[in-house]
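Text of the file input-v8.pdb, holding PDB, C-alpha atoms, pLDDT in the B column:
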MODEL        1
ATOM      1  CA  MET A   1       3.048  -6.031  -4.218  1.00 46.00           C
ATOM      2  CA  ALA A   2       6.619  -5.729  -3.129  1.00 42.00           C
ATOM      3  CA  THR A   3       9.205  -5.495  -5.842  1.00 46.00           C
ATOM      4  CA  SER A   4      12.936  -6.194  -5.577  1.00 48.00           C
ATOM      5  CA  GLU A   5      15.376  -3.549  -6.753  1.00 52.00           C
ATOM      6  CA  ARG A   6      19.056  -3.602  -7.574  1.00 65.00           C
ATOM      7  CA  PRO A   7      21.462  -2.644  -4.757  1.00 69.00           C
ATOM      8  CA  TRP A   8      22.871   0.391  -6.585  1.00 67.00           C
ATOM      9  CA  ILE A   9      19.354   1.806  -7.003  1.00 66.00           C
ATOM     10  CA  ALA A  10      18.799   1.440  -3.256  1.00 63.00           C
ATOM     11  CA  VAL A  11      22.119   3.226  -2.609  1.00 69.00           C
ATOM     12  CA  LEU A  12      21.148   6.096  -4.907  1.00 69.00           C
ATOM     13  CA  ARG A  13      17.740   6.325  -3.276  1.00 67.00           C
ATOM     14  CA  TYR A  14      19.311   6.495   0.192  1.00 67.00           C
ATOM     15  CA  ALA A  15      21.837   9.125  -0.957  1.00 68.00           C
ATOM     16  CA  GLY A  16      18.992  11.541  -1.691  1.00 67.00           C
ATOM     17  CA  SER A  17      16.869  10.602   1.318  1.00 71.00           C
ATOM     18  CA  ARG A  18      16.001  12.870   4.216  1.00 71.00           C
ATOM     19  CA  LYS A  19      17.829  10.549   6.584  1.00 76.00           C
ATOM     20  CA  ASN A  20      21.107  10.851   4.687  1.00 71.00           C
ATOM     21  CA  LEU A  21      20.762  14.608   4.212  1.00 75.00           C
ATOM     22  CA  LEU A  22      20.063  15.352   7.878  1.00 74.00           C
ATOM     23  CA  GLY A  23      22.725  12.845   8.944  1.00 76.00           C
ATOM     24  CA  SER A  24      25.243  14.551   6.675  1.00 80.00           C
ATOM     25  CA  VAL A  25      24.422  17.967   8.135  1.00 80.00           C
ATOM     26  CA  CYS A  26      24.902  16.611  11.664  1.00 79.00           C
ATOM     27  CA  GLY A  27      28.088  14.855  10.559  1.00 79.00           C
ATOM     28  CA  LEU A  28      29.434  18.162   9.214  1.00 80.00           C
ATOM     29  CA  ALA A  29      28.681  19.703  12.593  1.00 81.00           C
ATOM     30  CA  GLY A  30      30.795  16.916  14.079  1.00 77.00           C
ATOM     31  CA  VAL A  31      33.621  17.789  11.685  1.00 81.00           C
ATOM     32  CA  GLY A  32      33.367  21.389  12.902  1.00 81.00           C
ATOM     33  CA  ILE A  33      33.628  20.194  16.500  1.00 81.00           C
ATOM     34  CA  ALA A  34      36.618  18.033  15.575  1.00 79.00           C
ATOM     35  CA  LEU A  35      38.369  20.968  13.903  1.00 81.00           C
ATOM     36  CA  THR A  36      38.131  22.964  17.123  1.00 82.00           C
ATOM     37  CA  GLY A  37      39.948  20.137  18.889  1.00 79.00           C
ATOM     38  CA  ALA A  38      37.120  19.564  21.370  1.00 80.00           C
ATOM     39  CA  ALA A  39      36.687  15.912  20.321  1.00 74.00           C
ATOM     40  CA  GLY A  40      40.355  15.020  20.562  1.00 78.00           C
ATOM     41  CA  ALA A  41      41.309  11.571  19.311  1.00 81.00           C
ATOM     42  CA  LEU A  42      37.665  10.472  19.399  1.00 81.00           C
ATOM     43  CA  TRP A  43      36.678  12.746  16.517  1.00 80.00           C
ATOM     44  CA  PRO A  44      35.692   9.828  14.187  1.00 83.00           C
ATOM     45  CA  LEU A  45      33.233   8.599  16.820  1.00 83.00           C
ATOM     46  CA  VAL A  46      31.808  12.107  17.266  1.00 80.00           C
ATOM     47  CA  VAL A  47      31.314  12.578  13.521  1.00 79.00           C
ATOM     48  CA  GLY A  48      29.820   9.092  13.088  1.00 82.00           C
ATOM     49  CA  GLY A  49      27.620   9.459  16.157  1.00 81.00           C
ATOM     50  CA  LEU A  50      26.226  12.797  15.041  1.00 78.00           C
ATOM     51  CA  TYR A  51      25.569  11.424  11.550  1.00 80.00           C
ATOM     52  CA  ALA A  52      23.712   8.428  13.042  1.00 79.00           C
ATOM     53  CA  ALA A  53      21.711  10.672  15.366  1.00 78.00           C
ATOM     54  CA  GLY A  54      20.670  12.897  12.472  1.00 75.00           C
ATOM     55  CA  ALA A  55      19.692   9.896  10.359  1.00 75.00           C
ATOM     56  CA  LEU A  56      17.620   8.458  13.206  1.00 72.00           C
ATOM     57  CA  ILE A  57      15.635  11.607  13.983  1.00 71.00           C
ATOM     58  CA  ALA A  58      14.924  12.496  10.349  1.00 72.00           C
ATOM     59  CA  PRO A  59      11.372  11.822   9.181  1.00 69.00           C
ATOM     60  CA  PRO A  60      11.271   8.956   6.682  1.00 66.00           C
ATOM     61  CA  ASP A  61      10.793   9.532   2.987  1.00 64.00           C
ATOM     62  CA  ARG A  62       7.368   8.413   1.890  1.00 65.00           C
ATOM     63  CA  PRO A  63       6.170   7.611  -1.579  1.00 66.00           C
ATOM     64  CA  THR A  64       3.868  10.157  -3.153  1.00 69.00           C
ATOM     65  CA  ALA A  65       0.282   8.929  -3.253  1.00 69.00           C
ATOM     66  CA  PRO A  66      -0.872   8.329  -6.821  1.00 73.00           C
ATOM     67  CA  GLU A  67      -3.224  10.722  -8.576  1.00 68.00           C
ATOM     68  CA  PHE A  68      -6.099   9.109 -10.399  1.00 72.00           C
ATOM     69  CA  ALA A  69      -7.353  10.917 -13.469  1.00 65.00           C
ATOM     70  CA  GLU A  70     -10.125   8.419 -14.184  1.00 58.00           C
ATOM     71  CA  GLU A  71     -13.231   9.417 -12.244  1.00 59.00           C
ATOM     72  CA  ALA A  72     -15.858   7.151 -13.775  1.00 61.00           C
ATOM     73  CA  ASP A  73     -16.364   3.616 -12.500  1.00 64.00           C
ATOM     74  CA  ARG A  74     -15.385   2.043 -15.816  1.00 81.00           C
ATOM     75  CA  LEU A  75     -13.426  -1.172 -15.685  1.00 82.00           C
ATOM     76  CA  ASP A  76     -10.602  -0.129 -18.040  1.00 84.00           C
ATOM     77  CA  GLY A  77      -9.918   3.086 -16.145  1.00 86.00           C
ATOM     78  CA  LEU A  78     -10.146   1.289 -12.828  1.00 89.00           C
ATOM     79  CA  ARG A  79      -7.643  -1.334 -13.954  1.00 89.00           C
ATOM     80  CA  ALA A  80      -5.205   1.417 -15.014  1.00 88.00           C
ATOM     81  CA  ASP A  81      -5.626   3.131 -11.638  1.00 90.00           C
ATOM     82  CA  PHE A  82      -5.055  -0.195  -9.874  1.00 92.00           C
ATOM     83  CA  ALA A  83      -1.722  -0.548 -11.708  1.00 91.00           C
ATOM     84  CA  ARG A  84      -0.717   2.949 -10.487  1.00 90.00           C
ATOM     85  CA  LEU A  85      -1.764   2.028  -6.953  1.00 92.00           C
ATOM     86  CA  ARG A  86       0.389  -1.116  -7.059  1.00 92.00           C
ATOM     87  CA  ALA A  87       3.453   0.903  -8.075  1.00 90.00           C
ATOM     88  CA  TYR A  88       2.841   3.250  -5.131  1.00 89.00           C
ATOM     89  CA  LEU A  89       2.365   0.398  -2.657  1.00 90.00           C
ATOM     90  CA  ALA A  90       5.548  -1.324  -3.816  1.00 88.00           C
ATOM     91  CA  ASP A  91       7.542   1.661  -2.487  1.00 84.00           C
ATOM     92  CA  ALA A  92       5.763   1.857   0.875  1.00 86.00           C
ATOM     93  CA  GLU A  93       7.582   0.463   3.914  1.00 85.00           C
ATOM     94  CA  LEU A  94       5.053  -1.648   5.793  1.00 88.00           C
ATOM     95  CA  PRO A  95       5.292  -4.146   8.667  1.00 89.00           C
ATOM     96  CA  ASP A  96       5.155  -7.817   7.672  1.00 90.00           C
ATOM     97  CA  ALA A  97       1.639  -8.402   9.049  1.00 92.00           C
ATOM     98  CA  ALA A  98       0.226  -5.411   7.184  1.00 92.00           C
ATOM     99  CA  ARG A  99       2.093  -6.400   4.009  1.00 92.00           C
ATOM    100  CA  GLU A 100       0.523  -9.878   4.182  1.00 93.00           C
ATOM    101  CA  ARG A 101      -2.965  -8.404   4.531  1.00 94.00           C
ATOM    102  CA  LEU A 102      -2.269  -6.016   1.682  1.00 94.00           C
ATOM    103  CA  THR A 103      -1.024  -8.851  -0.534  1.00 94.00           C
ATOM    104  CA  ALA A 104      -4.190 -10.868   0.123  1.00 95.00           C
ATOM    105  CA  LEU A 105      -6.336  -7.827  -0.671  1.00 95.00           C
ATOM    106  CA  ASP A 106      -4.289  -7.141  -3.805  1.00 94.00           C
ATOM    107  CA  ARG A 107      -4.817 -10.661  -5.146  1.00 94.00           C
ATOM    108  CA  LEU A 108      -8.557 -10.514  -4.546  1.00 95.00           C
ATOM    109  CA  VAL A 109      -8.963  -7.076  -6.159  1.00 94.00           C
ATOM    110  CA  GLU A 110      -6.839  -8.205  -9.108  1.00 94.00           C
ATOM    111  CA  ALA A 111      -9.139 -11.209  -9.622  1.00 94.00           C
ATOM    112  CA  LEU A 112     -12.267  -9.070  -9.352  1.00 94.00           C
ATOM    113  CA  LEU A 113     -10.925  -6.551 -11.869  1.00 92.00           C
ATOM    114  CA  ALA A 114     -10.198  -9.232 -14.450  1.00 91.00           C
ATOM    115  CA  PRO A 115     -12.319  -8.577 -17.553  1.00 88.00           C
ATOM    116  CA  GLY A 116     -15.683 -10.290 -17.631  1.00 85.00           C
ATOM    117  CA  TRP A 117     -16.421 -10.580 -13.922  1.00 88.00           C
ATOM    118  CA  VAL A 118     -17.651  -7.438 -12.190  1.00 88.00           C
ATOM    119  CA  THR A 119     -20.389  -5.663 -14.140  1.00 86.00           C
ATOM    120  CA  ASP A 120     -22.685  -4.487 -11.357  1.00 86.00           C
ATOM    121  CA  PRO A 121     -22.323  -0.680 -10.993  1.00 88.00           C
ATOM    122  CA  GLU A 122     -22.497  -0.893  -7.188  1.00 91.00           C
ATOM    123  CA  HIS A 123     -19.687  -3.455  -7.082  1.00 92.00           C
ATOM    124  CA  LEU A 124     -17.593  -1.349  -9.451  1.00 90.00           C
ATOM    125  CA  HIS A 125     -18.169   1.668  -7.229  1.00 91.00           C
ATOM    126  CA  VAL A 126     -16.980  -0.229  -4.127  1.00 93.00           C
ATOM    127  CA  LEU A 127     -13.843  -1.389  -5.948  1.00 93.00           C
ATOM    128  CA  ALA A 128     -13.185   2.102  -7.348  1.00 92.00           C
ATOM    129  CA  ARG A 129     -13.499   3.615  -3.878  1.00 92.00           C
ATOM    130  CA  ALA A 130     -11.086   1.026  -2.461  1.00 94.00           C
ATOM    131  CA  VAL A 131      -8.489   1.511  -5.210  1.00 93.00           C
ATOM    132  CA  ARG A 132      -8.665   5.292  -5.545  1.00 91.00           C
ATOM    133  CA  GLN A 133      -9.360   6.332  -1.972  1.00 91.00           C
ATOM    134  CA  ASP A 134      -9.415   3.768   0.835  1.00 93.00           C
ATOM    135  CA  ILE A 135      -6.205   1.799   0.230  1.00 94.00           C
ATOM    136  CA  PRO A 136      -3.902   4.748  -0.601  1.00 93.00           C
ATOM    137  CA  GLU A 137      -5.338   6.785   2.282  1.00 93.00           C
ATOM    138  CA  ALA A 138      -4.817   3.902   4.740  1.00 93.00           C
ATOM    139  CA  VAL A 139      -1.184   3.436   3.697  1.00 92.00           C
ATOM    140  CA  ASP A 140      -0.373   7.152   3.569  1.00 90.00           C
ATOM    141  CA  ALA A 141      -1.913   7.761   7.008  1.00 89.00           C
ATOM    142  CA  PHE A 142       0.123   4.868   8.410  1.00 90.00           C
ATOM    143  CA  VAL A 143       3.399   6.125   6.934  1.00 87.00           C
ATOM    144  CA  ARG A 144       2.784   9.626   8.291  1.00 84.00           C
ATOM    145  CA  SER A 145       1.685   8.565  11.779  1.00 85.00           C
ATOM    146  CA  ARG A 146       4.357   5.864  12.232  1.00 81.00           C
ATOM    147  CA  TRP A 147       7.134   8.459  12.485  1.00 74.00           C
ATOM    148  CA  TRP A 148       5.283  10.487  15.120  1.00 74.00           C
ATOM    149  CA  SER A 149       4.387   7.424  17.204  1.00 72.00           C
ATOM    150  CA  ARG A 150       7.913   7.156  18.619  1.00 68.00           C
ATOM    151  CA  PHE A 151       7.432  10.536  20.324  1.00 69.00           C
ATOM    152  CA  THR A 152       4.285   9.327  22.137  1.00 69.00           C
ATOM    153  CA  PRO A 153       5.193   6.000  23.778  1.00 72.00           C
ATOM    154  CA  GLY A 154       2.267   3.964  25.045  1.00 70.00           C
ATOM    155  CA  ALA A 155      -0.119   5.199  22.367  1.00 70.00           C
ATOM    156  CA  GLU A 156      -1.863   2.725  20.079  1.00 75.00           C
ATOM    157  CA  GLN A 157       0.501   1.672  17.326  1.00 83.00           C
ATOM    158  CA  PRO A 158      -0.424   2.934  13.842  1.00 85.00           C
ATOM    159  CA  GLU A 159       0.048  -0.528  12.312  1.00 88.00           C
ATOM    160  CA  HIS A 160      -2.957  -1.761  14.307  1.00 90.00           C
ATOM    161  CA  HIS A 161      -5.195   0.756  12.545  1.00 92.00           C
ATOM    162  CA  LEU A 162      -3.694  -0.121   9.167  1.00 93.00           C
ATOM    163  CA  GLU A 163      -4.305  -3.837   9.712  1.00 94.00           C
ATOM    164  CA  ARG A 164      -7.916  -3.186  10.789  1.00 94.00           C
ATOM    165  CA  GLN A 165      -8.548  -0.986   7.740  1.00 95.00           C
ATOM    166  CA  LEU A 166      -7.067  -3.556   5.361  1.00 95.00           C
ATOM    167  CA  ALA A 167      -9.095  -6.330   7.009  1.00 95.00           C
ATOM    168  CA  ALA A 168     -12.317  -4.332   6.544  1.00 95.00           C
ATOM    169  CA  LEU A 169     -11.479  -3.629   2.903  1.00 95.00           C
ATOM    170  CA  HIS A 170     -10.736  -7.324   2.359  1.00 96.00           C
ATOM    171  CA  GLU A 171     -14.167  -8.201   3.767  1.00 95.00           C
ATOM    172  CA  GLU A 172     -15.806  -5.764   1.333  1.00 94.00           C
ATOM    173  CA  ALA A 173     -13.987  -7.373  -1.576  1.00 94.00           C
ATOM    174  CA  LYS A 174     -14.855 -10.873  -0.308  1.00 94.00           C
ATOM    175  CA  ALA A 175     -18.536  -9.893  -0.255  1.00 94.00           C
ATOM    176  CA  ILE A 176     -18.316  -8.963  -3.944  1.00 93.00           C
ATOM    177  CA  ALA A 177     -16.567 -12.256  -4.719  1.00 92.00           C
ATOM    178  CA  ALA A 178     -19.259 -14.161  -2.799  1.00 92.00           C
ATOM    179  CA  ALA A 179     -22.002 -12.374  -4.760  1.00 90.00           C
ATOM    180  CA  LEU A 180     -20.288 -13.297  -8.032  1.00 88.00           C
ATOM    181  CA  GLN A 181     -19.945 -16.918  -6.923  1.00 89.00           C
ATOM    182  CA  GLU A 182     -23.621 -17.046  -5.966  1.00 89.00           C
ATOM    183  CA  ALA A 183     -24.670 -15.558  -9.296  1.00 85.00           C
ATOM    184  CA  GLU A 184     -22.590 -18.119 -11.195  1.00 85.00           C
ATOM    185  CA  ALA A 185     -24.046 -20.952  -9.079  1.00 86.00           C
ATOM    186  CA  VAL A 186     -27.596 -19.797  -9.858  1.00 85.00           C
ATOM    187  CA  ARG A 187     -26.720 -19.544 -13.543  1.00 83.00           C
ATOM    188  CA  GLN A 188     -25.334 -23.073 -13.469  1.00 87.00           C
ATOM    189  CA  GLN A 189     -28.434 -24.441 -11.748  1.00 88.00           C
ATOM    190  CA  ILE A 190     -30.717 -22.735 -14.272  1.00 88.00           C
ATOM    191  CA  HIS A 191     -28.730 -24.193 -17.146  1.00 86.00           C
ATOM    192  CA  THR A 192     -28.842 -27.657 -15.558  1.00 87.00           C
ATOM    193  CA  ARG A 193     -32.642 -27.491 -15.301  1.00 87.00           C
ATOM    194  CA  TYR A 194     -32.850 -26.277 -18.893  1.00 83.00           C
ATOM    195  CA  VAL A 195     -30.629 -29.065 -20.240  1.00 86.00           C
ATOM    196  CA  GLU A 196     -32.392 -31.766 -18.251  1.00 84.00           C
ATOM    197  CA  GLY A 197     -35.854 -30.497 -19.006  1.00 83.00           C
ATOM    198  CA  ARG A 198     -35.729 -29.987 -22.758  1.00 80.00           C
ATOM    199  CA  ASP A 199     -37.077 -32.549 -25.204  1.00 68.00           C
ATOM    200  CA  GLY A 200     -34.888 -34.829 -27.263  1.00 56.00           C
TER     201      GLY A 200
ENDMDL
END
Can you present the structure in this file as structure tokens?
Amino acid sequence: MATSERPWIAVLRYAGSRKNLLGSVCGLAGVGIALTGAAGALWPLVVGGLYAAGALIAPPDRPTAPEFAEEADRLDGLRADFARLRAYLADAELPDAARERLTALDRLVEALLAPGWVTDPEHLHVLARAVRQDIPEAVDAFVRSRWWSRFTPGAEQPEHHLERQLAALHEEAKAIAAALQEAEAVRQQIHTRYVEGRDG
């Protein structure tokens, strides 16, 4: 789900980020200290250090969770919502292990949402709940709690919860895929018996 972006876009994004804004404010405070003469010849280090400190303590920018207008469990609407979810997830900063789990889940959901596969209303409901609620909530909760976790050392890391949630969602999707595979196997067996059993 990750997408690559051009370096100048990343620079523009950082320029408007909370980290840069708070770092700039702290850097300006360093300039004020330097103008009083309190920093002496070390004023560049004071300004740079205060900028870095401000950038480090600033809460990270987080992508806005997508809003889904389609409420019904119809395949076309669900596929459109899945595309919006993918765009949101591409902007989320996730640890490598969680990103791998999310990529595996993404591929499975993409296959299940391909036209002509999932028709059972219960299966569509499970997929709709995952796309519109469970996955964005899991990622948003992780992004929010990750920043606070550095103030409570020793607490359970938020990525552990994210990985567990994504693993559970992957199992739900695998169960749907297994049901589809079983249904196709039964259909194939029935057709084999029909072909072998008919006359001439």
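Note on the selection: in this file the PyMOL selection byres ((chain A and resi 164-167) around 10) comes out as Ala98, Arg99, Glu100, Arg101, Leu102, Thr103, Ala104, Leu105, Ala130, Asp134, Ile135, Ala138, Val139, Glu159, His160, His161, Leu162, Glu163, Ala168, Leu169, His170, Glu171, Glu172 and Ala173 of chain A.
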What would the file look like if the residues just selected were written as a PDB file, in the coordinates of the input with C-alpha atoms?
ATOM      1  CA  ALA A  98       0.226  -5.411   7.184  1.00 92.00           C
ATOM      2  CA  ARG A  99       2.093  -6.400   4.009  1.00 92.00           C
ATOM      3  CA  GLU A 100       0.523  -9.878   4.182  1.00 93.00           C
ATOM      4  CA  ARG A 101      -2.965  -8.404   4.531  1.00 94.00           C
ATOM      5  CA  LEU A 102      -2.269  -6.016   1.682  1.00 94.00           C
ATOM      6  CA  THR A 103      -1.024  -8.851  -0.534  1.00 94.00           C
ATOM      7  CA  ALA A 104      -4.190 -10.868   0.123  1.00 95.00           C
ATOM      8  CA  LEU A 105      -6.336  -7.827  -0.671  1.00 95.00           C
ATOM      9  CA  ALA A 130     -11.086   1.026  -2.461  1.00 94.00           C
ATOM     10  CA  ASP A 134      -9.415   3.768   0.835  1.00 93.00           C
ATOM     11  CA  ILE A 135      -6.205   1.799   0.230  1.00 94.00           C
ATOM     12  CA  ALA A 138      -4.817   3.902   4.740  1.00 93.00           C
ATOM     13  CA  VAL A 139      -1.184   3.436   3.697  1.00 92.00           C
ATOM     14  CA  GLU A 159       0.048  -0.528  12.312  1.00 88.00           C
ATOM     15  CA  HIS A 160      -2.957  -1.761  14.307  1.00 90.00           C
ATOM     16  CA  HIS A 161      -5.195   0.756  12.545  1.00 92.00           C
ATOM     17  CA  LEU A 162      -3.694  -0.121   9.167  1.00 93.00           C
ATOM     18  CA  GLU A 163      -4.305  -3.837   9.712  1.00 94.00           C
ATOM     19  CA  ALA A 168     -12.317  -4.332   6.544  1.00 95.00           C
ATOM     20  CA  LEU A 169     -11.479  -3.629   2.903  1.00 95.00           C
ATOM     21  CA  HIS A 170     -10.736  -7.324   2.359  1.00 96.00           C
ATOM     22  CA  GLU A 171     -14.167  -8.201   3.767  1.00 95.00           C
ATOM     23  CA  GLU A 172     -15.806  -5.764   1.333  1.00 94.00           C
ATOM     24  CA  ALA A 173     -13.987  -7.373  -1.576  1.00 94.00           C
TER      25      ALA A 173
END
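Near Gln133 of chain A, within 10 Å and counting only C-alpha atoms, sit Pro66, Phe68, Leu127, Ala128 and Ala138 of chain A; same-chain residues fewer than 5 positions away were not included.
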For segment 51-57 of chain A, find every residue with an atom within 6 Å (counting only C-alpha atoms), except residues of its own chain fewer than 5 positions away, and show them as a PDB file with C-alpha atoms, in the coordinates of the input.
ATOM      1  CA  LYS A  19      17.829  10.549   6.584  1.00 76.00           C
ATOM      2  CA  ASN A  20      21.107  10.851   4.687  1.00 71.00           C
ATOM      3  CA  LEU A  22      20.063  15.352   7.878  1.00 74.00           C
ATOM      4  CA  GLY A  23      22.725  12.845   8.944  1.00 76.00           C
ATOM      5  CA  SER A  24      25.243  14.551   6.675  1.00 80.00           C
ATOM      6  CA  CYS A  26      24.902  16.611  11.664  1.00 79.00           C
ATOM      7  CA  GLY A  27      28.088  14.855  10.559  1.00 79.00           C
TER       8      GLY A  27
END
What is the atom CA of Pro121 of chain A to atom CA of Arg74 of chain A distance in Å? 8.9 Å
If you measure from atom CA of Glu196 of chain A to atom CA of Ala178 of chain A, what distance in Å do you get, rounded to one decimal? 26.9 Å
Rounded to one decimal, what separation in Å do you get between atom CA of Phe82 of chain A and atom CA of Ala175 of chain A? 19.2 Å
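Run against this file, the PyMOL selection byres ((chain A and resi 179) around 12) gives back Leu112, Trp117, Val118, Thr119, Asp120, Glu122, His123, Glu172, Ala173, Lys174, Ala175, Ile176, Ala177, Ala178, Leu180, Gln181, Glu182, Ala183, Glu184, Ala185 and Val186 of chain A.
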Convert the output of the PyMOL selection byres ((chain A and resi 80) around 12) on the shown file into explicit residues, formatted as a PyMOL selection string. chain A and resi 66-71+73-79+81-87+110+113-114+128+131-132
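Closest approach to Leu21 of chain A from the set A:Ala58, A:Leu124, A:Ile33, A:Leu42 is made by A:Ala58, with distances taken over only C-alpha atoms.
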